[in-house]
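Pasted below: target.cif, mmCIF, C-alpha atoms.
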data_start
loop_
_atom_site.label_atom_id
_atom_site.label_comp_id
_atom_site.auth_asym_id
_atom_site.auth_seq_id
_atom_site.Cartn_x
_atom_site.Cartn_y
_atom_site.Cartn_z
CA MET A 3 116.38 -93.34 -2.87
CA SER A 4 118.33 -92.75 -6.09
CA PRO A 5 116.83 -90.74 -8.96
CA ASP A 6 116.49 -93.93 -11.01
CA GLU A 7 114.68 -95.76 -8.20
CA PHE A 8 112.40 -92.76 -7.83
CA ARG A 9 111.63 -92.76 -11.56
CA ASN A 10 110.90 -96.48 -11.53
CA SER A 11 108.91 -96.83 -8.32
CA VAL A 12 107.35 -93.44 -7.49
CA ILE A 13 106.65 -91.70 -10.79
CA PRO A 14 104.35 -94.55 -11.98
CA MET A 15 102.07 -93.80 -9.01
CA GLY A 16 101.21 -90.46 -10.62
CA ARG A 17 98.22 -91.78 -12.49
CA LYS A 18 96.73 -93.30 -9.34
CA LEU A 19 97.24 -90.03 -7.48
CA TYR A 20 95.52 -88.16 -10.30
CA THR A 21 92.50 -90.48 -10.14
CA PHE A 22 92.34 -90.20 -6.37
CA ALA A 23 92.55 -86.39 -6.55
CA PHE A 24 89.83 -86.31 -9.17
CA ARG A 25 87.47 -88.18 -6.84
CA PHE A 26 87.71 -85.20 -4.51
CA LEU A 27 88.02 -82.27 -6.88
CA ASN A 28 86.03 -83.30 -9.96
CA ASN A 29 88.33 -81.14 -12.02
CA ARG A 30 90.96 -82.50 -14.39
CA GLU A 31 93.45 -79.64 -14.33
CA GLU A 32 93.35 -79.25 -10.58
CA SER A 33 93.78 -82.99 -10.13
CA GLU A 34 96.80 -82.98 -12.44
CA ASP A 35 98.29 -80.06 -10.48
CA VAL A 36 97.78 -81.89 -7.20
CA ALA A 37 99.41 -85.07 -8.52
CA GLN A 38 102.38 -83.06 -9.79
CA GLU A 39 102.68 -81.16 -6.52
CA VAL A 40 102.73 -84.43 -4.57
CA MET A 41 105.41 -85.81 -6.90
CA THR A 42 107.52 -82.69 -6.41
CA ARG A 43 107.26 -82.99 -2.63
CA LEU A 44 108.16 -86.66 -2.76
CA TRP A 45 111.15 -85.88 -4.99
CA GLU A 46 112.39 -83.31 -2.50
CA LYS A 47 112.20 -85.79 0.34
CA ARG A 48 113.31 -88.84 -1.66
CA ASP A 49 116.19 -89.50 0.73
CA GLU A 50 113.71 -89.91 3.60
CA LEU A 51 111.20 -92.15 1.80
CA SER A 52 112.78 -95.33 3.13
CA ARG A 53 111.73 -94.30 6.64
CA TYR A 54 108.06 -94.67 5.74
CA ASN A 55 106.23 -97.99 5.73
CA SER A 56 104.72 -97.28 2.34
CA ALA A 57 105.62 -94.52 -0.09
CA GLU A 58 102.24 -95.02 -1.72
CA ALA A 59 100.33 -94.47 1.52
CA LEU A 60 102.38 -91.34 2.09
CA ALA A 61 101.63 -90.12 -1.45
CA MET A 62 97.91 -90.80 -1.00
CA THR A 63 97.88 -88.98 2.34
CA MET A 64 99.59 -85.96 0.77
CA THR A 65 97.14 -86.04 -2.15
CA ARG A 66 94.15 -86.16 0.15
CA ASN A 67 95.47 -83.31 2.28
CA LEU A 68 96.17 -81.13 -0.75
CA CYS A 69 92.70 -81.85 -2.13
CA LEU A 70 91.06 -80.95 1.18
CA ASP A 71 93.10 -77.71 1.25
CA ARG A 72 91.86 -76.86 -2.21
CA LEU A 73 88.27 -77.64 -1.30
CA ARG A 74 88.55 -75.43 1.79
CA HIS A 75 90.06 -72.70 -0.36
CA ARG A 76 87.18 -72.96 -2.81
CA LYS A 77 84.71 -72.61 0.02
CA TYR A 78 86.62 -69.66 1.48
CA GLU A 79 86.62 -67.87 -1.86
CA GLY A 80 82.94 -68.60 -2.47
CA TYR A 81 83.95 -70.76 -5.42
CA GLU A 82 80.97 -72.08 -7.26
CA GLU A 83 81.16 -75.74 -8.04
CA GLU A 84 82.15 -76.12 -11.65
CA PRO A 85 79.97 -78.28 -13.79
CA GLU A 86 81.26 -81.76 -13.35
CA GLU A 87 83.20 -83.35 -16.12
CA VAL A 88 80.44 -85.57 -17.31
CA LEU A 89 80.96 -88.72 -19.19
CA LYS A 90 80.77 -88.00 -22.87
CA LEU A 91 78.59 -90.53 -24.58
CA SER A 92 77.82 -90.61 -28.27
CA ALA A 93 74.21 -90.77 -29.37
CA ASP A 94 74.51 -94.21 -30.92
CA GLU A 95 75.69 -95.97 -27.76
CA PRO A 96 73.40 -98.66 -26.41
CA SER A 97 70.81 -97.46 -23.93
CA ARG A 98 72.08 -99.84 -21.23
CA GLU A 99 75.46 -98.09 -21.27
CA LEU A 100 73.67 -94.78 -21.04
CA GLU A 101 71.73 -96.00 -18.02
CA ASN A 102 74.94 -97.16 -16.38
CA ALA A 103 76.55 -93.83 -17.06
CA GLU A 104 73.62 -92.02 -15.54
CA ALA A 105 73.72 -94.15 -12.40
CA SER A 106 77.45 -93.74 -11.93
CA GLU A 107 77.26 -90.00 -12.60
CA MET A 108 74.47 -89.70 -10.06
CA ILE A 109 76.52 -91.56 -7.45
CA LYS A 110 79.51 -89.39 -8.27
CA ALA A 111 77.45 -86.24 -7.77
CA ILE A 112 76.11 -87.49 -4.42
CA ILE A 113 79.61 -88.30 -3.17
CA ALA A 114 80.88 -84.91 -4.35
CA ARG A 115 78.37 -83.26 -2.04
CA LEU A 116 79.39 -85.27 1.03
CA LYS A 117 81.35 -83.47 3.70
CA GLU A 118 84.53 -84.55 5.38
CA PRO A 119 85.37 -86.98 6.93
CA TYR A 120 82.60 -89.00 5.26
CA LYS A 121 83.74 -88.22 1.73
CA SER A 122 87.28 -89.48 2.32
CA ALA A 123 86.03 -92.67 3.96
CA ILE A 124 83.77 -93.65 1.08
CA ILE A 125 86.27 -92.65 -1.62
CA LEU A 126 89.06 -94.67 -0.07
CA ARG A 127 87.14 -97.82 0.75
CA ASP A 128 84.31 -98.04 -1.77
CA LEU A 129 85.64 -96.17 -4.80
CA GLU A 130 89.38 -96.79 -4.61
CA GLY A 131 88.97 -100.23 -2.99
CA MET A 132 91.62 -99.67 -0.34
CA THR A 133 91.74 -101.93 2.67
CA TYR A 134 90.62 -100.68 6.07
CA GLU A 135 94.25 -100.60 7.21
CA GLU A 136 95.37 -98.52 4.22
CA SER A 137 92.41 -96.15 4.55
CA SER A 138 93.13 -95.79 8.24
CA GLU A 139 96.77 -94.92 7.54
CA ILE A 140 95.87 -92.34 4.90
CA THR A 141 93.20 -90.61 6.97
CA GLY A 142 95.11 -90.86 10.22
CA LEU A 143 92.02 -92.31 11.91
CA THR A 144 91.68 -95.53 13.84
CA ILE A 145 89.94 -98.34 11.99
CA ASN A 146 86.94 -98.05 14.31
CA ALA A 147 86.61 -94.31 13.68
CA LEU A 148 86.95 -94.96 9.95
CA ARG A 149 84.19 -97.58 10.09
CA VAL A 150 81.88 -95.13 11.88
CA ASN A 151 82.49 -92.52 9.16
CA LEU A 152 82.04 -95.08 6.43
CA SER A 153 78.73 -96.23 7.90
CA ARG A 154 77.47 -92.65 8.01
CA ALA A 155 78.66 -91.98 4.45
CA ARG A 156 77.05 -95.13 3.02
CA LYS A 157 73.75 -94.35 4.71
CA MET A 158 73.79 -90.77 3.42
CA VAL A 159 74.46 -91.91 -0.15
CA ARG A 160 71.70 -94.53 0.07
CA GLU A 161 69.19 -91.97 1.39
CA GLU A 162 70.04 -89.60 -1.47
CA MET A 163 69.70 -92.38 -4.02
CA ILE A 164 66.30 -93.32 -2.63
CA LYS A 165 65.18 -89.69 -2.89
CA ILE A 166 66.37 -89.42 -6.50
CA TYR A 167 64.85 -92.74 -7.61
CA SER A 168 61.57 -91.97 -5.82
CA TYR A 169 61.41 -88.61 -7.56
CA GLY A 170 62.11 -90.28 -10.91
CA SER A 171 59.41 -92.92 -10.42
CA GLU A 172 56.89 -90.28 -9.27
CA ARG A 173 57.51 -88.26 -12.41
CA SER A 174 57.14 -91.26 -14.68
CA MET B 26 73.79 -116.70 -0.96
CA ASP B 27 70.12 -116.53 -0.06
CA LEU B 28 68.17 -113.31 0.39
CA LYS B 29 68.05 -113.56 4.17
CA GLU B 30 71.82 -113.85 4.39
CA VAL B 31 72.28 -110.99 1.93
CA LYS B 32 70.06 -108.75 4.03
CA ILE B 33 72.00 -109.54 7.21
CA ILE B 34 75.34 -108.76 5.58
CA LEU B 35 73.86 -105.68 3.95
CA SER B 36 72.68 -104.36 7.28
CA ARG B 37 76.17 -104.90 8.71
CA TYR B 38 77.58 -103.20 5.60
CA TYR B 39 75.62 -100.02 6.27
CA GLU B 40 76.79 -100.09 9.87
CA GLY B 41 80.42 -100.26 8.71
CA LEU B 42 80.91 -103.64 10.37
CA THR B 43 81.54 -105.92 7.38
CA THR B 44 84.86 -107.57 6.62
CA GLU B 45 86.49 -107.11 3.24
CA GLU B 46 85.48 -110.67 2.32
CA GLU B 47 81.82 -110.01 3.15
CA GLU B 48 81.90 -106.88 1.04
CA SER B 49 83.38 -108.84 -1.86
CA ALA B 50 80.54 -111.35 -1.47
CA LEU B 51 78.00 -108.53 -1.70
CA VAL B 52 79.64 -107.14 -4.84
CA GLU B 53 79.49 -110.61 -6.37
CA TYR B 54 75.83 -111.06 -5.44
CA PHE B 55 74.72 -107.73 -6.86
CA ALA B 56 76.66 -108.30 -10.08
CA GLY B 57 74.47 -111.35 -10.77
CA ASP B 58 71.08 -111.49 -12.49
CA ASP B 59 69.18 -112.94 -9.53
CA VAL B 60 68.91 -109.81 -7.39
CA ALA B 61 65.72 -109.22 -5.41
CA GLU B 62 63.71 -106.22 -6.67
CA GLU B 63 63.46 -104.79 -3.15
CA LEU B 64 67.26 -104.35 -3.17
CA TYR B 65 67.16 -102.24 -6.30
CA ILE B 66 68.91 -99.21 -4.74
CA ASP B 67 71.64 -101.37 -3.23
CA ARG B 68 72.12 -103.10 -6.54
CA GLU B 69 72.62 -99.73 -8.28
CA TRP B 70 75.15 -98.75 -5.65
CA PHE B 71 77.18 -101.94 -5.80
CA ARG B 72 77.12 -102.12 -9.57
CA HIS B 73 78.13 -98.54 -10.23
CA CYS B 74 80.20 -97.22 -7.38
CA GLY B 75 83.22 -99.03 -8.77
CA ASP B 76 82.87 -97.79 -12.32
CA ILE B 77 82.69 -94.06 -11.78
CA LYS B 78 84.73 -92.81 -14.69
CA VAL B 79 87.57 -90.40 -14.33
CA PRO B 80 88.61 -88.48 -17.47
CA GLU B 81 92.02 -89.16 -18.93
CA PRO B 82 94.64 -86.67 -17.82
CA GLY B 83 96.06 -84.26 -20.40
CA GLU B 84 98.63 -85.39 -22.95
CA ASP B 85 101.49 -83.64 -21.17
CA PHE B 86 100.67 -85.16 -17.78
CA SER B 87 103.35 -87.87 -18.00
CA LEU B 88 105.92 -85.33 -19.11
CA ARG B 89 105.01 -83.07 -16.21
CA LEU B 90 105.56 -85.93 -13.79
CA SER B 91 108.84 -86.99 -15.39
CA ALA B 92 110.08 -83.41 -15.30
CA VAL B 93 109.76 -83.51 -11.51
CA ALA B 94 112.57 -86.06 -11.19
CA LYS B 95 115.35 -83.88 -12.56
CA PRO B 96 118.35 -82.64 -10.61
CA ASP B 97 117.60 -78.97 -11.31
CA ASN B 98 114.08 -79.27 -9.93
CA SER B 99 115.19 -78.50 -6.44
CA LEU B 100 113.59 -76.54 -3.65
CA SER B 101 115.87 -73.58 -4.40
CA SER B 102 114.70 -73.32 -7.99
CA ARG B 103 111.11 -73.44 -6.80
CA LYS B 104 111.95 -70.75 -4.28
CA SER B 105 113.47 -68.58 -6.99
CA ILE B 106 110.27 -69.00 -9.01
CA ARG B 107 108.38 -67.86 -5.95
CA VAL B 108 110.70 -64.84 -5.59
CA ILE B 109 110.07 -63.91 -9.23
CA ARG B 110 106.36 -64.20 -8.63
CA TYR B 111 106.52 -61.92 -5.58
CA SER B 112 108.72 -59.47 -7.52
CA ARG B 113 106.08 -59.30 -10.20
CA ILE B 114 103.43 -58.56 -7.61
CA ALA B 115 105.63 -55.84 -6.07
CA ALA B 116 106.31 -54.31 -9.50
CA THR B 117 102.60 -54.27 -10.26
CA ILE B 118 101.86 -52.51 -6.96
CA ALA B 119 104.64 -49.96 -7.61
CA LEU B 120 103.23 -49.35 -11.09
CA LEU B 121 99.74 -48.80 -9.72
CA ILE B 122 100.99 -46.38 -7.06
CA SER B 123 103.06 -44.38 -9.55
CA GLY B 124 100.12 -44.33 -11.97
CA TYR B 125 97.91 -43.01 -9.21
CA LEU B 126 100.43 -40.29 -8.30
CA ILE B 127 100.89 -39.24 -11.94
CA ALA B 128 97.14 -39.11 -12.47
CA GLN B 129 96.76 -37.10 -9.31
CA SER B 130 99.42 -34.59 -10.40
CA ILE B 131 97.81 -34.23 -13.85
CA PHE B 132 94.24 -33.81 -12.73
CA SER B 133 94.82 -31.79 -9.57
CA LYS B 134 94.43 -27.94 -9.73
CA PRO B 135 97.66 -25.94 -10.29
CA ALA B 136 99.17 -24.39 -7.18
CA TYR B 137 98.04 -20.85 -6.50
CA MET B 138 100.83 -18.45 -7.44
CA LYS B 139 101.38 -15.39 -5.31
CA ASP B 140 103.86 -12.44 -5.12
CA THR B 141 104.16 -12.21 -8.89
CA TYR B 142 103.96 -9.26 -11.28
CA SER B 143 100.95 -8.49 -13.38
CA ASP B 144 102.90 -5.98 -15.56
CA PRO B 145 105.48 -7.74 -17.86
CA GLN B 146 107.73 -4.64 -18.09
CA MET B 147 108.03 -4.43 -14.34
CA ALA B 148 108.79 -8.14 -14.24
CA MET B 149 111.55 -7.77 -16.87
CA ALA B 150 113.07 -4.83 -15.00
CA GLU B 151 113.11 -6.92 -11.83
CA VAL B 152 114.79 -9.82 -13.68
CA HIS B 153 117.52 -7.45 -14.98
CA ARG B 154 118.08 -6.07 -11.52
CA VAL B 155 118.43 -9.55 -9.98
CA LEU B 156 120.79 -10.77 -12.74
CA ALA B 157 123.00 -7.67 -12.37
CA GLU B 158 123.17 -8.30 -8.65
CA VAL B 159 124.14 -11.95 -9.20
CA SER B 160 126.83 -10.92 -11.73
CA LEU B 161 128.31 -8.36 -9.34
CA ASN B 162 128.44 -10.86 -6.51
CA MET B 163 130.12 -13.46 -8.74
CA LYS B 164 132.81 -10.94 -9.74
CA LYS B 165 133.46 -10.09 -6.11
CA GLY B 166 133.68 -13.75 -5.27
CA ALA B 167 136.20 -14.45 -8.07
CA GLU B 168 138.42 -11.58 -6.94
CA GLY B 169 138.52 -13.06 -3.49
CA LEU B 170 140.03 -16.26 -4.83
CA PRO B 171 143.72 -15.62 -5.83
CA GLY B 172 144.34 -19.33 -6.37
CA LEU B 173 141.68 -19.27 -9.08
CA ARG B 174 143.57 -16.51 -10.94
CA LYS B 175 146.86 -18.45 -10.71
CA LEU B 176 145.10 -21.47 -12.09
CA GLY B 177 144.18 -19.33 -15.14
CA GLU B 178 147.87 -18.38 -15.63
CA ALA B 179 149.05 -21.98 -15.44
CA PRO B 180 148.56 -22.94 -19.16
CA ALA B 181 150.80 -20.02 -20.33
CA ALA B 182 153.55 -20.98 -17.83
CA LEU B 183 153.30 -24.59 -18.92
CA SER B 184 153.83 -23.71 -22.61
CA THR B 185 156.90 -21.54 -21.71
CA PHE B 186 158.34 -24.48 -19.77
CA LYS B 187 157.73 -26.82 -22.73
CA SER B 188 159.59 -24.54 -25.26
CA ALA B 189 162.51 -24.07 -22.81
CA SER B 190 162.89 -27.82 -22.33
CA ARG B 191 162.80 -28.35 -26.14
CA THR B 192 165.67 -25.74 -26.57
CA ALA B 193 167.71 -27.43 -23.81
CA ALA B 194 167.32 -30.83 -25.49
CA LYS B 195 168.58 -29.42 -28.82
CA SER B 196 171.63 -27.84 -27.10
CA ILE B 197 172.47 -31.16 -25.43
CA GLU B 198 172.31 -32.97 -28.79
CA ALA B 199 174.64 -30.36 -30.43
CA LEU B 200 177.09 -30.63 -27.54
CA ASP B 201 177.04 -34.40 -27.81
CA LEU B 202 177.94 -34.21 -31.53
CA LYS B 203 180.85 -31.84 -30.78
CA VAL B 204 182.23 -34.21 -28.12
CA LYS B 205 182.10 -37.15 -30.54
CA ALA B 206 183.93 -35.09 -33.23
CA SER B 207 186.71 -34.06 -30.83
CA GLU B 208 187.11 -37.71 -29.66
CA THR B 209 187.59 -38.79 -33.31
CA GLU B 210 190.25 -36.13 -33.85
CA VAL B 211 192.16 -37.18 -30.72
CA LYS B 212 192.19 -40.82 -31.91
CA LYS B 213 193.64 -39.74 -35.26
#

Would you mind writing the file's structure down as structure tokens?
Amino acid sequence: MSPDEFRNSVIPMGRKLYTFAFRFLNNREESEDVAQEVMTRLWEKRDELSRYNSAEALAMTMTRNLCLDRLRHRKYEGYEEEPEEVLKLSADEPSRELENAEASEMIKAIIARLKEPYKSAIILRDLEGMTYEESSEITGLTINALRVNLSRARKMVREEMIKIYSYGSERS
Amino acid sequence: MDLKEVKIILSRYYEGLTTEEEESALVEYFAGDDVAEELYIDREWFRHCGDIKVPEPGEDFSLRLSAVAKPDNSLSSRKSIRVIRYSRIAATIALLISGYLIAQSIFSKPAYMKDTYSDPQMAMAEVHRVLAEVSLNMKKGAEGLPGLRKLGEAPAALSTFKSASRTAAKSIEALDLKVKASETEVKK
């Protein structure tokens, strides 16, 4: 792949890689670093990219692996989860938007606490909207194994949501 | 889609058995206004899982990505950056070790001195004696080296040679003039 082809077809994927990394890491700077690291690796192997079915699937796989490495590293170093980058809402925004933000932030927090391989399954399919085939390629799992993980992840998120909403209704 | 059908698909959804089309149908159903109250949790999930916001990357993010695709951004340059990083670490370690050694030498007790004189006059007399002995030995050593003496005579011999060569050059010039004069007379 020529440098121009790389600039036109691979570099634009950077934003998607950043978003995907953020789903795992919940940290802007780290997600940017991961996206840049993936780009650098792709640049170094640009002559081999034509051998892969999809450069995007390769990039997503690399992003996921780097994110999991970082998460493992955090755990190893006893890293305390940083406060999540919450959605900044101004005081005069309509209450419905605030409610939506709260719900999505709650779901985000629940997913952040999921363990692998459940986290990857739900991020790929339900948050990023990837097909089962794409998700299977990125995770290196069979579609059946991916479906099993996805089922477990969805049930765990639902159970957590029930707990949170029950607690909220009991308080009110 | 009626409630019974929604519940069947939903149960398959949580078992991970739904097709992508069925999942799209669920998203569509929960986006509507006619959602059963008993499916409140599922409605919250389907409505909000897709709109989890991700903050915008920093302003220089695009530049950082573009900078990747430059000819000089090769593996070797990254390796050299790594080498510099390791060198810094090594220099820091060396600095810490030398700092430790210096601190140790400053704060440790001075070495115990033994076999010294408590009377300064006796010490001075001993110094004189040792220096005289060293001087005597040096003189003996110099006498034993005739080449060293000849080396000292060399500058005087060299200046004699220089003056002799200057005198010889002047004599040659005078002789040369005389020869030229006699040649002129013969021609006449």

Residues near segment 34-39 of chain B, cut-off 7 Å, all atoms listed in the file, skip fewer than 6 positions along chain, as a ChimeraX atom specification
/A:153,156-157

Go ahead and dump the residues you just picked, C-alpha atoms, as a PDB file, in the frame of the given file.
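Writing done, so here's part_15.pdb:
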ATOM      1  CA  SER A 153      78.730 -96.230   7.900  1.00  0.00           C
ATOM      2  CA  ARG A 156      77.050 -95.130   3.020  1.00  0.00           C
ATOM      3  CA  LYS A 157      73.750 -94.350   4.710  1.00  0.00           C
TER       4      LYS A 157
END

Which residues fall under the PyMOL selection byres ((chain A) within 8 of (chain B)) in this file, as number ranges by chain?
A: 5, 8-9, 13, 16, 20-21, 24-25, 30-31, 34, 38, 41-42, 45-46, 87, 89, 102, 105-107, 109-110, 128-130, 133, 149-150, 152-154, 156-157, 160, 163-164

Set the distance at 6 Å and use only C-alpha atoms: which residues neighbour segment 49-57 of chain B once local chain neighbours fewer than 2 positions away are removed? I'd like the list as a list of chain:residue names.
B:Glu46, B:Glu47, B:Asp59, B:Arg68, B:Phe71

Nearest candidate to Ile125 of chain A (options A:Lys77, A:Arg72, A:Lys165, A:Arg66; using only C-alpha atoms)
A:Arg66

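Every residue that the PyMOL selection byres ((chain A and resi 59) around 10) selects in this file is listed here: Tyr54, Asn55, Ser56, Ala57, Glu58, Leu60, Ala61, Met62, Thr63, Met64, Thr65, Glu136, Ser137, Ser138, Glu139, Ile140 and Thr141 of chain A.
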
So which residues get picked by the PyMOL selection byres ((chain A and resi 121) around 12) here, written as a ChimeraX atom specification?
/A:22,25-27,66,69-70,73,110-120,122-129,141,148,151-156,158-159

Two-atom distance - atom CA of Leu64 of chain B, atom CA of Lys32 of chain B (Å):
8.9 Å

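Our summary of the geometry notes that atom CA of Val36 of chain A is positioned 8.2 Å from atom CA of Leu19 of chain A.
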
Correct to one decimal, the distance atom CA of Met3 of chain A-atom CA of Asp49 of chain A is 5.3 Å

Could you please fill out segment 42-51 of chain B with all heavy atoms and send it back as a compact mmCIF listing (two decimals), in the frame of the given file?
# COMPACT_ATOMS: atom_id res chain seq x y z
N LEU B 42 80.38 -102.53 9.56
CA LEU B 42 80.91 -103.64 10.37
C LEU B 42 81.39 -104.83 9.52
O LEU B 42 81.91 -105.80 10.07
CB LEU B 42 79.83 -104.13 11.35
CG LEU B 42 79.33 -103.08 12.34
CD1 LEU B 42 78.14 -103.61 13.13
CD2 LEU B 42 80.44 -102.66 13.29
N THR B 43 81.19 -104.76 8.23
CA THR B 43 81.54 -105.92 7.38
C THR B 43 83.05 -106.07 7.20
O THR B 43 83.80 -105.10 7.25
CB THR B 43 80.90 -105.77 5.98
OG1 THR B 43 80.94 -104.39 5.63
CG2 THR B 43 79.50 -106.26 5.95
N THR B 44 83.45 -107.32 6.97
CA THR B 44 84.86 -107.57 6.62
C THR B 44 85.02 -107.33 5.12
O THR B 44 84.02 -107.24 4.39
CB THR B 44 85.24 -109.03 6.94
OG1 THR B 44 84.43 -109.87 6.12
CG2 THR B 44 85.05 -109.36 8.40
N GLU B 45 86.25 -107.31 4.68
CA GLU B 45 86.49 -107.11 3.24
C GLU B 45 85.94 -108.29 2.43
O GLU B 45 85.45 -108.12 1.32
CB GLU B 45 87.99 -106.92 3.00
CG GLU B 45 88.42 -105.50 3.34
CD GLU B 45 89.86 -105.38 3.81
OE1 GLU B 45 90.66 -106.29 3.56
OE2 GLU B 45 90.17 -104.36 4.45
N GLU B 46 86.00 -109.47 3.02
CA GLU B 46 85.48 -110.67 2.32
C GLU B 46 83.95 -110.58 2.17
O GLU B 46 83.41 -110.90 1.11
CB GLU B 46 85.83 -111.96 3.10
CG GLU B 46 87.30 -112.33 3.07
CD GLU B 46 88.18 -111.42 3.94
OE1 GLU B 46 87.68 -110.84 4.93
OE2 GLU B 46 89.37 -111.26 3.60
N GLU B 47 83.28 -110.14 3.22
CA GLU B 47 81.82 -110.01 3.15
C GLU B 47 81.42 -108.97 2.10
O GLU B 47 80.45 -109.15 1.36
CB GLU B 47 81.27 -109.60 4.52
CG GLU B 47 81.26 -110.75 5.52
CD GLU B 47 80.86 -110.31 6.93
OE1 GLU B 47 81.23 -109.18 7.34
OE2 GLU B 47 80.19 -111.10 7.62
N GLU B 48 82.20 -107.92 2.04
CA GLU B 48 81.90 -106.88 1.04
C GLU B 48 82.11 -107.40 -0.37
O GLU B 48 81.33 -107.09 -1.29
CB GLU B 48 82.76 -105.64 1.30
CG GLU B 48 82.30 -104.90 2.55
CD GLU B 48 83.18 -103.71 2.94
OE1 GLU B 48 83.95 -103.23 2.09
OE2 GLU B 48 83.10 -103.29 4.10
N SER B 49 83.15 -108.23 -0.54
CA SER B 49 83.38 -108.84 -1.86
C SER B 49 82.21 -109.76 -2.22
O SER B 49 81.78 -109.80 -3.39
CB SER B 49 84.67 -109.65 -1.86
OG SER B 49 85.75 -108.82 -1.56
N ALA B 50 81.68 -110.46 -1.23
CA ALA B 50 80.54 -111.35 -1.47
C ALA B 50 79.32 -110.54 -1.91
O ALA B 50 78.57 -110.96 -2.81
CB ALA B 50 80.23 -112.15 -0.21
N LEU B 51 79.13 -109.39 -1.31
CA LEU B 51 78.00 -108.53 -1.70
C LEU B 51 78.16 -108.03 -3.14
O LEU B 51 77.20 -108.04 -3.92
CB LEU B 51 77.89 -107.32 -0.75
CG LEU B 51 77.34 -107.58 0.65
CD1 LEU B 51 77.39 -106.32 1.49
CD2 LEU B 51 75.89 -108.10 0.59
